Amino acid sequence: MPPRYQAPKGTFDVLPEQEAARALVHACASGALAAAGYGRIETPIFEDTDLFARGVGESTDIVRKEMFSFEDGGGRSITLRPEGTAPICRAYVEHGMHKLPQPVKLWHEGPYFRYERPQEGRHRQFNQIGAEVIGADSPLADGELIVALDSLLRGLGIEGLKLRLSSLGSSGARVAYREELRSYLRDHEAELSDDVRSRIDANPMRAFDADHAGTRDVMVGAPTLLERLDDADAEHFAEVRSLLDGSAVAYVLDPTLVRGLDYYNRTVFEFDCDRLGAQSGIGGGGRYDGLVELLGGAPTPAVGWAVGVERVLLAMVAPSADPAIDVFVVAAEDRAAAFALVRELRAAGIGADLDLAERSFKGQMKQADRSGALFAVVIEADGPAQVRDMRSGEQREVARDAVLALLTAESA
Ligand code: HAM
């Protein structure tokens with residue numbers, strides 16, 4: 001017996017019946033982002049490992065333990081992309097997009113890979129939709145993006161959303177603040193988890209993210225970066241907040257908000273959804289003013305977000321799927337006549353299907369019922385066809401050469 005294979009741990013198949021909801025998310029996101037002036041960009045599924053080590057940050061969980069990295073045939077270290085922002089900044093620099101009118105507004109969609117412990121809403125291969133504004137430091141860019149994400153999620157009927165918002169300030173303020181936080185953490189070293197203690201030097205901010213009870217208690221009294229912003233950063237943040245207030249986008253200030261990527265500065269945000277379980281983060285992002293320069297470009301301010309498509313789907317009330325086909329053609333005897341009519345209907349843009357398993361007449365009628373089609377047409381080689389409205393059960397006799405016109409009118 002050959003072995004029975006299963007999709008690798010943490011991955012999943014998208015089956016045809018799950019496609020309608022995905023198509024809806026895609027259509028809403030692409031429509032809204034295109035209408036707001038964002039152009040779609042696609043980057044490769046894999047990149048040089050170094051792009052992520054440098055761009056996302058050596059001390060992050062993503063780079064330390066979640067990347068699928070391997071050596072290619074030429075001895076290069078390659079990584080399946082764990083996120084999309086570093087690749088897009090790489091593309092911005094590589095294609096000289098700084099020469100275009102700024103900012104450059106891009107959106108993207110596709111699969112991402114992280115070696116995480118799988119659970120509901122957390123996979124090793126998942127999909128993101130993201131938007132990036134590169135080349136603008138105005139709070140208007142932050143405001144536009146956050147408002148766009150809020151309306152996308154609400155437009156998909158997602159309830160129970162909470163937007164957490166903070167500012168990480170500039171790197172100067174962060175350096176001073178980090179030193180202050182390090183010495184606070186060292187004063188409480190005995191109460192911290194081993195993981196947090198081992199990262200006091202490399203990444204003290206991650207202590208805000210810890211699940212460990214002792215660490216959480218310590219962090220309640222920790223100084224926050226929001227209290228230490230310099231004037232320019234505080235003003236930038238105040239303008240972002242006032243744009244959100246003016247757009248009726250509700251948020252809570254969360255000075256402990258830490259994103260799992262090192263490139264952020266100034267605005268950071270995350271939408272949580274209480275319909276999701278432990279993995280409540282549905283989408284998030286922030287400003288990354290240093291990333292383009294870090295990847296070899298000129299200093300270029302930028303801001304963006306990404307949502308997890310699978311988490312969006314979990315949070316959505318299941319949309320009622322439109323029937324995939326309009327008409328199911330049943331052959332009374334002559335299957336070639338049914339075949340010809342289906343070809344004719346499809347050519348006219350009408351969704352049509354027929355039985356390919358040579359079932360009996362009764363079996364075909366059952367198939368027509370199961371297909372969800374709005375009409376079943378019973379066809380003979382000669383003579384009239386029977387057109388049955390599957391919702392009302394009403395049946396009409398129609399001349400063979402009038403079937404197309406009738407169904408075209410019905411499906412208009
Ligand atoms: P992120 O917060 O790491 O940000 O991921 C964005 C979203 O992807 C999360 O909110 C979540 O919905 C989804 N996600 C992340 N990991 C998984 C997983 N293992 N399984 C299922 N869904 C997941 C970024 O990736 C940044 N690049 C966002 C960004 C764009 N920042 C600026 N521009």
# chains A, B, ... in the order shown; residues from 1 in each chain; ligands from 1

$ residues_near_ligand --ligand "ligand 1" --cutoff "8 Å" --atoms "only C-alpha atoms and all ligand atoms" --output "ChimeraX atom specification"
/A:82-86,113-116,118,121-128,130-132,259-261,264,270-271,279-288,303-312

$ select_by_dssp --residues "region 303-338 of chain A" --states "strand (DSSP E or B)" --output "PyMOL selection string"
chain A and resi 303-308+327-331

$ residues_around --residues "region 323-327 of chain A" --least-positions-apart "6" --cutoff "7 Å" --atoms "only C-alpha atoms" --output "ChimeraX atom specification"
/A:350-353,372-376

$ residues_around --residues "Val133 (chain A)" --least-positions-apart "2" --cutoff "10 Å" --atoms "only C-alpha atoms" --output "PyMOL selection string"
chain A and resi 38+102-107+131+135-137+141-142+144-145+287+301-305

$ write_last_selection --atoms "N, CA, C and O atoms" --output "PDB file, in the first residue's frame"
ATOM      1  N   TYR A  38      -3.809  52.625  -4.642  1.00  0.00           N
ATOM      2  CA  TYR A  38      -2.725  51.673  -4.369  1.00  0.00           C
ATOM      3  C   TYR A  38      -2.553  50.742  -5.570  1.00  0.00           C
ATOM      4  O   TYR A  38      -3.533  50.252  -6.129  1.00  0.00           O
ATOM      5  N   GLN A 102       6.294  60.750  -5.123  1.00  0.00           N
ATOM      6  CA  GLN A 102       6.168  60.160  -3.781  1.00  0.00           C
ATOM      7  C   GLN A 102       4.887  60.639  -3.119  1.00  0.00           C
ATOM      8  O   GLN A 102       4.454  61.747  -3.355  1.00  0.00           O
ATOM      9  N   PRO A 103       4.262  59.864  -2.270  1.00  0.00           N
ATOM     10  CA  PRO A 103       4.675  58.516  -1.914  1.00  0.00           C
ATOM     11  C   PRO A 103       4.227  57.504  -2.952  1.00  0.00           C
ATOM     12  O   PRO A 103       3.325  57.761  -3.744  1.00  0.00           O
ATOM     13  N   VAL A 104       4.871  56.322  -2.899  1.00  0.00           N
ATOM     14  CA  VAL A 104       4.455  55.192  -3.713  1.00  0.00           C
ATOM     15  C   VAL A 104       3.509  54.352  -2.853  1.00  0.00           C
ATOM     16  O   VAL A 104       3.850  53.991  -1.731  1.00  0.00           O
ATOM     17  N   LYS A 105       2.307  54.120  -3.382  1.00  0.00           N
ATOM     18  CA  LYS A 105       1.308  53.380  -2.587  1.00  0.00           C
ATOM     19  C   LYS A 105       1.121  51.992  -3.202  1.00  0.00           C
ATOM     20  O   LYS A 105       0.763  51.876  -4.367  1.00  0.00           O
ATOM     21  N   LEU A 106       1.398  50.981  -2.416  1.00  0.00           N
ATOM     22  CA  LEU A 106       1.398  49.612  -2.925  1.00  0.00           C
ATOM     23  C   LEU A 106       0.519  48.715  -2.059  1.00  0.00           C
ATOM     24  O   LEU A 106       0.411  48.931  -0.845  1.00  0.00           O
ATOM     25  N   TRP A 107      -0.098  47.718  -2.692  1.00  0.00           N
ATOM     26  CA  TRP A 107      -0.753  46.683  -1.881  1.00  0.00           C
ATOM     27  C   TRP A 107      -0.312  45.322  -2.368  1.00  0.00           C
ATOM     28  O   TRP A 107       0.198  45.187  -3.487  1.00  0.00           O
ATOM     29  N   ALA A 131      -0.930  46.688   2.806  1.00  0.00           N
ATOM     30  CA  ALA A 131      -0.851  47.970   2.083  1.00  0.00           C
ATOM     31  C   ALA A 131       0.312  48.768   2.653  1.00  0.00           C
ATOM     32  O   ALA A 131       0.544  48.743   3.863  1.00  0.00           O
ATOM     33  N   GLY A 135       7.481  56.712   1.263  1.00  0.00           N
ATOM     34  CA  GLY A 135       7.911  58.035   0.817  1.00  0.00           C
ATOM     35  C   GLY A 135       7.049  59.168   1.353  1.00  0.00           C
ATOM     36  O   GLY A 135       6.994  60.237   0.739  1.00  0.00           O
ATOM     37  N   ALA A 136       6.367  58.956   2.477  1.00  0.00           N
ATOM     38  CA  ALA A 136       5.588  60.039   3.095  1.00  0.00           C
ATOM     39  C   ALA A 136       5.745  59.958   4.596  1.00  0.00           C
ATOM     40  O   ALA A 136       5.557  58.888   5.181  1.00  0.00           O
ATOM     41  N   ASP A 137       6.123  61.092   5.217  1.00  0.00           N
ATOM     42  CA  ASP A 137       6.161  61.034   6.688  1.00  0.00           C
ATOM     43  C   ASP A 137       4.958  61.720   7.319  1.00  0.00           C
ATOM     44  O   ASP A 137       4.807  61.738   8.524  1.00  0.00           O
ATOM     45  N   ALA A 141      -0.681  59.909   5.990  1.00  0.00           N
ATOM     46  CA  ALA A 141      -0.473  58.559   5.456  1.00  0.00           C
ATOM     47  C   ALA A 141      -0.875  57.521   6.503  1.00  0.00           C
ATOM     48  O   ALA A 141      -1.570  56.546   6.190  1.00  0.00           O
ATOM     49  N   ASP A 142      -0.473  57.746   7.751  1.00  0.00           N
ATOM     50  CA  ASP A 142      -0.852  56.811   8.831  1.00  0.00           C
ATOM     51  C   ASP A 142      -2.373  56.771   8.944  1.00  0.00           C
ATOM     52  O   ASP A 142      -2.982  55.704   9.033  1.00  0.00           O
ATOM     53  N   GLU A 144      -4.701  57.630   6.700  1.00  0.00           N
ATOM     54  CA  GLU A 144      -5.366  56.997   5.551  1.00  0.00           C
ATOM     55  C   GLU A 144      -5.343  55.477   5.677  1.00  0.00           C
ATOM     56  O   GLU A 144      -6.338  54.785   5.450  1.00  0.00           O
ATOM     57  N   LEU A 145      -4.182  54.944   6.041  1.00  0.00           N
ATOM     58  CA  LEU A 145      -4.040  53.483   6.110  1.00  0.00           C
ATOM     59  C   LEU A 145      -4.905  52.874   7.219  1.00  0.00           C
ATOM     60  O   LEU A 145      -5.545  51.847   7.019  1.00  0.00           O
ATOM     61  N   ARG A 287       4.599  52.480  11.306  1.00  0.00           N
ATOM     62  CA  ARG A 287       5.579  53.239  10.541  1.00  0.00           C
ATOM     63  C   ARG A 287       6.931  52.550  10.578  1.00  0.00           C
ATOM     64  O   ARG A 287       7.289  51.946  11.598  1.00  0.00           O
ATOM     65  N   PRO A 301      10.753  57.723   4.610  1.00  0.00           N
ATOM     66  CA  PRO A 301       9.726  57.355   5.597  1.00  0.00           C
ATOM     67  C   PRO A 301       8.660  56.470   4.956  1.00  0.00           C
ATOM     68  O   PRO A 301       8.389  56.588   3.762  1.00  0.00           O
ATOM     69  N   ALA A 302       8.052  55.603   5.746  1.00  0.00           N
ATOM     70  CA  ALA A 302       7.043  54.693   5.190  1.00  0.00           C
ATOM     71  C   ALA A 302       6.158  54.159   6.307  1.00  0.00           C
ATOM     72  O   ALA A 302       6.532  54.177   7.487  1.00  0.00           O
ATOM     73  N   VAL A 303       4.974  53.692   5.905  1.00  0.00           N
ATOM     74  CA  VAL A 303       4.025  53.150   6.881  1.00  0.00           C
ATOM     75  C   VAL A 303       3.146  52.130   6.163  1.00  0.00           C
ATOM     76  O   VAL A 303       2.945  52.231   4.946  1.00  0.00           O
ATOM     77  N   GLY A 304       2.659  51.134   6.912  1.00  0.00           N
ATOM     78  CA  GLY A 304       1.831  50.114   6.261  1.00  0.00           C
ATOM     79  C   GLY A 304       1.183  49.173   7.254  1.00  0.00           C
ATOM     80  O   GLY A 304       1.339  49.327   8.461  1.00  0.00           O
ATOM     81  N   TRP A 305       0.420  48.232   6.712  1.00  0.00           N
ATOM     82  CA  TRP A 305      -0.212  47.200   7.545  1.00  0.00           C
ATOM     83  C   TRP A 305      -0.388  45.915   6.764  1.00  0.00           C
ATOM     84  O   TRP A 305      -0.269  45.907   5.528  1.00  0.00           O
TER      85      TRP A 305
END

$ atom_distance --atom1 "CA of Glu235 (chain A)" --atom2 "CA of Ser171 (chain A)"
15.9 Å

$ closest_residue --among "A:Arg54, A:Arg178, A:His98, A:Arg4" --to "Pro299 (chain A)" --atoms "only C-alpha atoms"
A:His98

$ closest_atom_pairs --of "region 40-155 of chain A" --to "region 20-32 of chain A" --cutoff "8 Å" --atoms "only C-alpha atoms" --output "CSV"
residue,atom,partner,partner_atom,distance
A:Ile129,CA,A:Ala29,CA,7.7
A:Ala148,CA,A:Ala32,CA,7.9
A:Leu152,CA,A:Ala29,CA,6.6
A:Gly155,CA,A:Cys28,CA,7.9

$ closest_residue --among "A:Lys366, A:Glu94, A:Ala331, A:Arg117" --to "Leu354 (chain A)" --atoms "only C-alpha atoms"
A:Ala331

$ select_by_dssp --residues "region 95-338 of chain A" --states "helix (DSSP H, G or I)" --output "VMD selection string"
chain A and resid 97 to 99 139 to 155 171 to 187 189 to 191 194 to 198 204 to 209 213 to 220 225 to 228 231 to 246 291 to 294 309 to 315 335 to 338

$ write_last_selection --atoms "C-alpha atoms" --output "tab-separated table (two decimals), in the first residue's frame"
chain	number	residue	atom	x	y	z
A	97	MET	CA	10.87	53.74	-7.11
A	98	HIS	CA	12.19	56.81	-5.31
A	99	LYS	CA	12.20	58.44	-8.77
A	139	PRO	CA	0.45	61.66	9.67
A	140	LEU	CA	-2.06	61.76	6.79
A	141	ALA	CA	-0.47	58.56	5.46
A	142	ASP	CA	-0.85	56.81	8.83
A	143	GLY	CA	-4.43	58.09	9.06
A	144	GLU	CA	-5.37	57.00	5.55
A	145	LEU	CA	-4.04	53.48	6.11
A	146	ILE	CA	-5.67	52.93	9.49
A	147	VAL	CA	-9.02	54.28	8.28
A	148	ALA	CA	-8.77	52.03	5.18
A	149	LEU	CA	-8.13	48.94	7.31
A	150	ASP	CA	-10.94	49.83	9.70
A	151	SER	CA	-13.44	50.20	6.84
A	152	LEU	CA	-12.21	47.05	5.09
A	153	LEU	CA	-12.76	44.95	8.22
A	154	ARG	CA	-16.14	46.56	8.97
A	155	GLY	CA	-17.19	46.29	5.32
A	171	SER	CA	15.17	55.88	17.39
A	172	GLY	CA	16.88	58.55	19.54
A	173	ALA	CA	14.08	58.59	22.09
A	174	ARG	CA	13.94	54.80	21.98
A	175	VAL	CA	17.64	54.40	22.73
A	176	ALA	CA	17.31	56.56	25.86
A	177	TYR	CA	14.07	54.88	26.83
A	178	ARG	CA	15.49	51.37	26.30
A	179	GLU	CA	18.36	52.15	28.68
A	180	GLU	CA	15.84	53.32	31.28
A	181	LEU	CA	13.75	50.16	30.72
A	182	ARG	CA	16.82	47.90	30.92
A	183	SER	CA	17.77	49.25	34.27
A	184	TYR	CA	14.15	48.87	35.46
A	185	LEU	CA	14.15	45.23	34.26
A	186	ARG	CA	17.51	44.54	35.92
A	187	ASP	CA	16.11	45.88	39.20
A	189	GLU	CA	15.42	40.44	37.28
A	190	ALA	CA	14.43	37.74	39.77
A	191	GLU	CA	10.72	38.09	38.92
A	194	ASP	CA	14.13	33.23	31.65
A	195	ASP	CA	13.30	34.28	28.10
A	196	VAL	CA	12.74	37.93	28.99
A	197	ARG	CA	15.81	37.96	31.25
A	198	SER	CA	17.99	36.61	28.45
A	204	PRO	CA	13.93	44.82	26.46
A	205	MET	CA	10.66	46.01	24.82
A	206	ARG	CA	9.58	42.41	24.26
A	207	ALA	CA	9.03	42.15	28.03
A	208	PHE	CA	5.66	43.93	27.43
A	209	ASP	CA	4.66	41.03	25.19
A	213	ALA	CA	2.70	36.04	35.09
A	214	GLY	CA	5.69	37.36	37.07
A	215	THR	CA	6.91	39.37	34.08
A	216	ARG	CA	3.44	40.80	33.50
A	217	ASP	CA	3.28	42.00	37.11
A	218	VAL	CA	6.65	43.70	36.76
A	219	MET	CA	5.59	45.40	33.52
A	220	VAL	CA	2.53	47.05	35.10
A	225	LEU	CA	7.78	54.98	25.79
A	226	LEU	CA	4.61	57.02	25.18
A	227	GLU	CA	5.56	59.10	28.23
A	228	ARG	CA	9.03	59.70	26.78
A	231	ASP	CA	8.13	66.90	20.78
A	232	ALA	CA	8.14	66.07	17.06
A	233	ASP	CA	7.02	62.47	17.66
A	234	ALA	CA	4.38	63.52	20.18
A	235	GLU	CA	3.00	66.03	17.68
A	236	HIS	CA	3.00	63.47	14.86
A	237	PHE	CA	1.14	61.03	17.07
A	238	ALA	CA	-1.38	63.68	18.16
A	239	GLU	CA	-2.14	64.40	14.48
A	240	VAL	CA	-2.67	60.72	13.70
A	241	ARG	CA	-5.07	60.49	16.64
A	242	SER	CA	-6.97	63.57	15.59
A	243	LEU	CA	-7.42	62.16	12.05
A	244	LEU	CA	-8.85	58.97	13.56
A	245	ASP	CA	-11.12	60.97	15.88
A	246	GLY	CA	-12.35	63.00	12.91
A	291	LEU	CA	13.75	50.29	6.75
A	292	VAL	CA	14.36	51.50	3.18
A	293	GLU	CA	17.66	53.05	4.27
A	294	LEU	CA	18.60	49.92	6.22
A	309	VAL	CA	-6.70	36.38	5.55
A	310	GLU	CA	-7.41	33.20	7.55
A	311	ARG	CA	-8.13	35.26	10.67
A	312	VAL	CA	-10.41	37.55	8.65
A	313	LEU	CA	-12.28	34.46	7.43
A	314	LEU	CA	-12.60	33.11	10.99
A	315	ALA	CA	-13.98	36.43	12.18
A	335	ARG	CA	-25.80	13.44	-24.25
A	336	ALA	CA	-24.22	15.17	-27.27
A	337	ALA	CA	-27.21	17.56	-27.38
A	338	ALA	CA	-26.66	18.44	-23.72

$ atom_distance --atom1 "CA of Leu168 (chain A)" --atom2 "CA of His95 (chain A)"
29.6 Å

$ closest_residue --among "A:Val329, A:Ala222, A:Leu80, A:Ala357" --to "Glu344 (chain A)" --atoms "only C-alpha atoms"
A:Val329

$ atom_distance --atom1 "CA of Val330 (chain A)" --atom2 "CA of Ala409 (chain A)"
20.2 Å

$ closest_residue --among "A:Ala332, A:Ile200, A:Val268, A:Leu51" --to "Arg359 (chain A)" --atoms "only C-alpha atoms"
A:Ala332
